[in-house]
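Q: Submitted below is the structure of interest, expressed as structure tokens.
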Number of protein chains: 2
Amino acid sequence: MAKSDIDVLIKLVAKLPALGTRSARRIVLHLLKNKDTQLTPLIEALQNLNENVKACRICHNFDTSEICSICGDEKRDSKTLCIVQDVTDLWAMERSGFYKGKYHVLGGVLSAIDGVLPQDLNIDSLIARLSSEGVTEVILALPATVDGQITVQYLLHHLKPLNVKLSTLALGLPVGAELDYMDDGTIEMALQSRKQM
Amino acid sequence: MAKSDIDVLIKLVAKLPALGTRSARRIVLHLLKNKDTQLTPLIEALQNLNENVKACRICHNFDTSEICSICGDEKRDSKTLCIVQDVTDLWAMERSGFYKGKYHVLGGVLSAIDGVLPQDLNIDSLIARLSSEGVTEVILALPATVDGQITVQYLLHHLKPLNVKLSTLALGLPVGAELDYMDDGTIEMALQSRKQM
């Protein structure tokens with residue numbers, strides 16, 4: 001079978017998140033059919049990524065410089081730190097455009113099932129930053145999953161003695177939601193955290 | 001925003017079939033986190049694809065040589081030609097392992113909506129092959145969609161005068177199917193084409 005170059009690539013693409021063998025086949029064929037318009041630019045962009053992008057050594061965000069553009073931005077409030085699970089969550093926060101402080105990327109959440117322990121996360125560097133950067137407020141923007149909320153409890157326990165203002169994201173109805181489509185847990189949280197008007 | 005290298009790549013990945021912006025973000029982040037194990041091999045495999053793989057000038061299959069391994073295989077029956085819509089369909093036929101003849105990739109099906117006309121498909125080269133290669137049987141393995149079946153009718157009309165045996169794939173229940181889960185059209189076709197035992 002001489003189509004080994006194709007097979008090697010299909011196997012690599014199929015390993016990417018959200019993809020399987022079937023979609024990998026479609027993607028590889030699509031690239032073959034659009035060599036100039038899509039394959040060549042994709043190769044260049046991947047090479048740029050490989051050579052230029054690295055983790056920020058302060059907050060673990062990805063960027064082209066040693067210190068990312070958010071950590072290096074003088075205009076952002078360096079007294080407030082938002083803790084996120086991953087860089088995608090940081091991007092989501094940035095897209096919403098509301099938050100003007102700095103970030104710290106944990107690199108995951110604690111998980112008994114996946115065997116993720118506190119030492120696997122960027123917690124030591126977080127605690128070091130709190131004192132060295134004079135942070136006064138920490139927002140725990142972790143996912144509203146079991147593992148996410150266990151990580152929130154773990155961090156609250158360890159950050160409370162450090163005398164900073166701590167908060168977590170509100171749990172409740174997502175904007176635009178119909179009650180009818182919400183799960184029981186969300187409705188319960190929205191009720192419990194109801195706001196007096 | 002200094003994360004332009006990342007954004008460029010996300011936009012390129014999001015344009016691939018079966019992917020959108022959200023999955024593109026996840027894939028790019030995954031590649032960033034696994035530079036050595038996944039990003040570098042992926043770049044190499046894409047470069048190999050770009051440099052080595054081209055369309056077979058006989059059947060329009062993709063391979064590393066001018067004439068693909070199937071067209072070049074002396075053991076395969078060159079009197080039988082299977083017409084497929086695309087290379088992915090050829091791969092599917094090859095995986096089933098049942099067919100031992102050769103192929104001709106049409107490169108699409110006729111479509112009024114997408115504006116695909118006969119001259120956009122590899123039909124001229126198909127008709128040329130029929131006489132030059134002494135083909136005696138043509139199997140139309142086109143999709144069981146409206147466009148696919150219109151293309152079948154078009155090809156039947158143009159191939160009948162050429163005095164070759166023509167057939168199309170059987171329509172009916174897929175193997176393992178429960179009647180309860182089948183659509184009306186499939187049940188009707190399975191009934192119409194019922195086999196006397």
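Just so we're on the same page: first chain in the structure tokens is A, next is B, and so on; residues restart at 1 for each chain, and ligands are numbered from 1 in the order they show up.
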Run DSSP on the backbone and tell me which residues of range 24-141 of chain A come out as helix (DSSP H, G or I); list them as a PyMOL selection string.
A: chain A and resi 24-33+35-52+87-96+118-120+123-132
Q: Could you give me, as a PyMOL selection string, the residues within 6 Å of range 166-174 of chain A, counting only C-alpha atoms and dropping anything in the same chain fewer than 4 positions from it?
A: chain A and resi 137-141+186+189-190
Q: What are the closest atom pairs, with distances in Å to one decimal, for all residues of range 4-56 of chain B lying within 9 Å of range 40-61 of chain A? Consider only C-alpha atoms, order rows by chain and residue number, and present the result as a tab-separated table.
A:
```
residue	atom	partner	partner_atom	distance
B:Asp5	CA	A:Leu49	CA	6.1
B:Ile6	CA	A:Leu49	CA	6.5
B:Val8	CA	A:Ala45	CA	6.7
B:Leu9	CA	A:Ala45	CA	5.3
B:Leu12	CA	A:Leu42	CA	6.3
B:Val13	CA	A:Leu42	CA	7.6
B:Val28	CA	A:Leu49	CA	8.9
B:Leu31	CA	A:Asn50	CA	8.8
B:Leu32	CA	A:Asn50	CA	7.5
B:Lys35	CA	A:Asn50	CA	6.8
B:Leu39	CA	A:Asn50	CA	7.1
B:Thr40	CA	A:Asn50	CA	7.5
B:Leu42	CA	A:Leu46	CA	8.7
B:Ile43	CA	A:Ile43	CA	6.1
B:Glu44	CA	A:Ile43	CA	8.8
B:Leu46	CA	A:Ile43	CA	6.6
B:Gln47	CA	A:Ile43	CA	7.0
B:Asn50	CA	A:Thr40	CA	7.5
```
Q: Select, from B:Leu110, B:Ala18, B:Cys71, B:Ile187, the residue with the minimum atom-to-atom distance to Pro143 in chain B, counting only C-alpha atoms.
A: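 The answer is B:Leu110, which sits nearest to Pro143 in chain B.
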Q: Do a neighbour search on Leu142 in chain B at 9 Å with only C-alpha atoms, toss out local chain neighbours closer than 3 positions, and write the hits as a ChimeraX atom specification.
A: /B:83-85,89,109,145,148-149,151-152,168-169
Q: Residues of the last selection are to be written out with N, CA, C and O atoms, as an mmCIF file, in the first residue's frame.
A:
```
data_model
loop_
_atom_site.group_PDB
_atom_site.id
_atom_site.type_symbol
_atom_site.label_atom_id
_atom_site.label_comp_id
_atom_site.auth_asym_id
_atom_site.auth_seq_id
_atom_site.Cartn_x
_atom_site.Cartn_y
_atom_site.Cartn_z
ATOM 1 N N ILE B 83 -17.044 3.271 -10.335
ATOM 2 C CA ILE B 83 -17.091 4.739 -10.351
ATOM 3 C C ILE B 83 -17.478 5.216 -8.965
ATOM 4 O O ILE B 83 -18.551 4.866 -8.468
ATOM 5 N N VAL B 84 -16.624 6.005 -8.327
ATOM 6 C CA VAL B 84 -16.947 6.550 -7.008
ATOM 7 C C VAL B 84 -16.945 8.077 -7.056
ATOM 8 O O VAL B 84 -16.339 8.685 -7.933
ATOM 9 N N GLN B 85 -17.649 8.650 -6.074
ATOM 10 C CA GLN B 85 -17.757 10.107 -6.020
ATOM 11 C C GLN B 85 -16.428 10.741 -5.651
ATOM 12 O O GLN B 85 -15.995 11.711 -6.257
ATOM 13 N N ASP B 89 -14.576 7.591 -0.696
ATOM 14 C CA ASP B 89 -15.428 6.450 -1.048
ATOM 15 C C ASP B 89 -14.581 5.289 -1.568
ATOM 16 O O ASP B 89 -14.858 4.131 -1.282
ATOM 17 N N VAL B 109 -20.570 14.824 -7.508
ATOM 18 C CA VAL B 109 -21.777 14.386 -8.230
ATOM 19 C C VAL B 109 -22.447 15.634 -8.785
ATOM 20 O O VAL B 109 -22.206 16.746 -8.292
ATOM 21 N N THR B 145 -28.057 9.392 -2.551
ATOM 22 C CA THR B 145 -28.736 10.668 -2.330
ATOM 23 C C THR B 145 -29.404 11.091 -3.636
ATOM 24 O O THR B 145 -29.183 10.471 -4.677
ATOM 25 N N GLY B 148 -26.693 12.011 -6.051
ATOM 26 C CA GLY B 148 -25.977 10.802 -6.450
ATOM 27 C C GLY B 148 -26.760 10.011 -7.487
ATOM 28 O O GLY B 148 -26.214 9.571 -8.500
ATOM 29 N N GLN B 149 -28.067 9.871 -7.243
ATOM 30 C CA GLN B 149 -28.880 9.048 -8.146
ATOM 31 C C GLN B 149 -29.142 9.765 -9.474
ATOM 32 O O GLN B 149 -29.254 9.125 -10.522
ATOM 33 N N THR B 151 -26.893 11.645 -10.867
ATOM 34 C CA THR B 151 -25.631 11.410 -11.568
ATOM 35 C C THR B 151 -25.606 10.005 -12.158
ATOM 36 O O THR B 151 -25.119 9.797 -13.281
ATOM 37 N N VAL B 152 -26.138 9.039 -11.402
ATOM 38 C CA VAL B 152 -26.222 7.665 -11.919
ATOM 39 C C VAL B 152 -27.031 7.645 -13.214
ATOM 40 O O VAL B 152 -26.610 7.070 -14.220
ATOM 41 N N THR B 168 -25.527 -0.683 -10.719
ATOM 42 C CA THR B 168 -25.425 0.275 -9.609
ATOM 43 C C THR B 168 -25.437 -0.524 -8.315
ATOM 44 O O THR B 168 -25.854 -1.682 -8.299
ATOM 45 N N LEU B 169 -24.991 0.072 -7.223
ATOM 46 C CA LEU B 169 -25.031 -0.604 -5.923
ATOM 47 C C LEU B 169 -26.480 -0.868 -5.541
ATOM 48 O O LEU B 169 -27.376 -0.088 -5.864
#
```
Q: Taking the DSSP secondary structure from the backbone, can you list the residues of range 62-177 of chain A that are strand (DSSP E), as a ChimeraX atom specification?
A: /A:62-63,77-84,101-105,137-141,165-168
Q: Can I get the selected residues back with N, CA, C and O atoms, as a short mmCIF file (atom, residue, chain, number, x, y, z; two decimals), in the first residue's frame?
A:
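Saved to part06.cif:
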```cif
data_model
loop_
_atom_site.label_atom_id
_atom_site.label_comp_id
_atom_site.auth_asym_id
_atom_site.auth_seq_id
_atom_site.Cartn_x
_atom_site.Cartn_y
_atom_site.Cartn_z
N PHE A 62 -0.33 31.15 26.89
CA PHE A 62 0.56 30.97 25.75
C PHE A 62 0.70 32.28 24.98
O PHE A 62 -0.29 32.96 24.73
N ASP A 63 1.92 32.60 24.59
CA ASP A 63 2.14 33.81 23.81
C ASP A 63 3.48 33.72 23.09
O ASP A 63 4.22 32.76 23.28
N ASP A 77 -5.13 45.75 35.86
CA ASP A 77 -5.07 45.78 37.32
C ASP A 77 -4.31 44.57 37.84
O ASP A 77 -4.81 43.45 37.83
N SER A 78 -3.08 44.78 38.32
CA SER A 78 -2.28 43.64 38.76
C SER A 78 -2.58 43.24 40.20
O SER A 78 -1.97 42.31 40.72
N LYS A 79 -3.52 43.95 40.82
CA LYS A 79 -3.90 43.56 42.19
C LYS A 79 -4.97 42.47 42.18
O LYS A 79 -5.26 41.86 43.21
N THR A 80 -5.59 42.25 41.01
CA THR A 80 -6.65 41.25 40.91
C THR A 80 -6.17 40.10 40.03
O THR A 80 -5.64 40.32 38.94
N LEU A 81 -6.37 38.86 40.52
CA LEU A 81 -5.91 37.69 39.80
C LEU A 81 -7.09 36.76 39.55
O LEU A 81 -7.83 36.42 40.48
N CYS A 82 -7.29 36.37 38.30
CA CYS A 82 -8.37 35.44 37.98
C CYS A 82 -7.77 34.06 37.71
O CYS A 82 -6.90 33.92 36.84
N ILE A 83 -8.20 33.05 38.48
CA ILE A 83 -7.64 31.71 38.33
C ILE A 83 -8.50 30.92 37.34
O ILE A 83 -9.70 30.74 37.57
N VAL A 84 -7.91 30.46 36.24
CA VAL A 84 -8.68 29.67 35.27
C VAL A 84 -8.04 28.29 35.11
O VAL A 84 -6.86 28.09 35.42
N GLY A 101 -8.34 42.52 35.05
CA GLY A 101 -7.19 42.18 35.89
C GLY A 101 -6.24 41.23 35.18
O GLY A 101 -6.23 41.17 33.96
N LYS A 102 -5.45 40.51 35.95
CA LYS A 102 -4.52 39.54 35.35
C LYS A 102 -4.99 38.11 35.63
O LYS A 102 -6.01 37.90 36.29
N TYR A 103 -4.26 37.15 35.09
CA TYR A 103 -4.70 35.75 35.15
C TYR A 103 -3.64 34.86 35.78
O TYR A 103 -2.48 35.20 35.87
N HIS A 104 -4.11 33.65 36.18
CA HIS A 104 -3.18 32.58 36.50
C HIS A 104 -3.80 31.28 35.99
O HIS A 104 -4.91 30.92 36.40
N VAL A 105 -3.10 30.60 35.07
CA VAL A 105 -3.63 29.38 34.47
C VAL A 105 -3.19 28.18 35.30
O VAL A 105 -1.99 27.90 35.42
N GLU A 137 -7.03 40.65 45.46
CA GLU A 137 -8.25 39.92 45.20
C GLU A 137 -7.99 38.75 44.25
O GLU A 137 -7.32 38.91 43.23
N VAL A 138 -8.57 37.59 44.60
CA VAL A 138 -8.43 36.40 43.75
C VAL A 138 -9.83 35.92 43.37
O VAL A 138 -10.67 35.69 44.23
N ILE A 139 -10.08 35.79 42.05
CA ILE A 139 -11.36 35.29 41.56
C ILE A 139 -11.15 33.87 41.04
O ILE A 139 -10.34 33.66 40.12
N LEU A 140 -11.85 32.91 41.64
CA LEU A 140 -11.69 31.53 41.20
C LEU A 140 -12.70 31.25 40.08
O LEU A 140 -13.87 30.96 40.34
N ALA A 141 -12.26 31.33 38.82
CA ALA A 141 -13.16 31.14 37.68
C ALA A 141 -12.99 29.72 37.14
O ALA A 141 -12.63 29.51 35.98
N LYS A 165 -8.84 38.91 49.29
CA LYS A 165 -10.27 38.79 49.03
C LYS A 165 -10.48 37.65 48.04
O LYS A 165 -9.85 37.61 46.98
N LEU A 166 -11.35 36.70 48.41
CA LEU A 166 -11.55 35.53 47.55
C LEU A 166 -12.98 35.50 47.04
O LEU A 166 -13.91 35.81 47.78
N SER A 167 -13.17 35.15 45.77
CA SER A 167 -14.53 34.98 45.28
C SER A 167 -14.55 33.89 44.21
O SER A 167 -13.52 33.54 43.64
N THR A 168 -15.74 33.33 43.99
CA THR A 168 -15.91 32.36 42.91
C THR A 168 -16.95 32.91 41.95
O THR A 168 -17.73 33.78 42.31
#
```
Q: Separation of CA of Ser131 in chain A and CA of Leu159 in chain A, in Å?
A: 11.1 Å
Q: Looking at A:Val164, A:Gly107, A:Tyr99, A:Lys75, which one is nearest to chain B, with distances taken over only C-alpha atoms?
A: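 Among the listed residues, the smallest separation from chain B belongs to A:Gly107.
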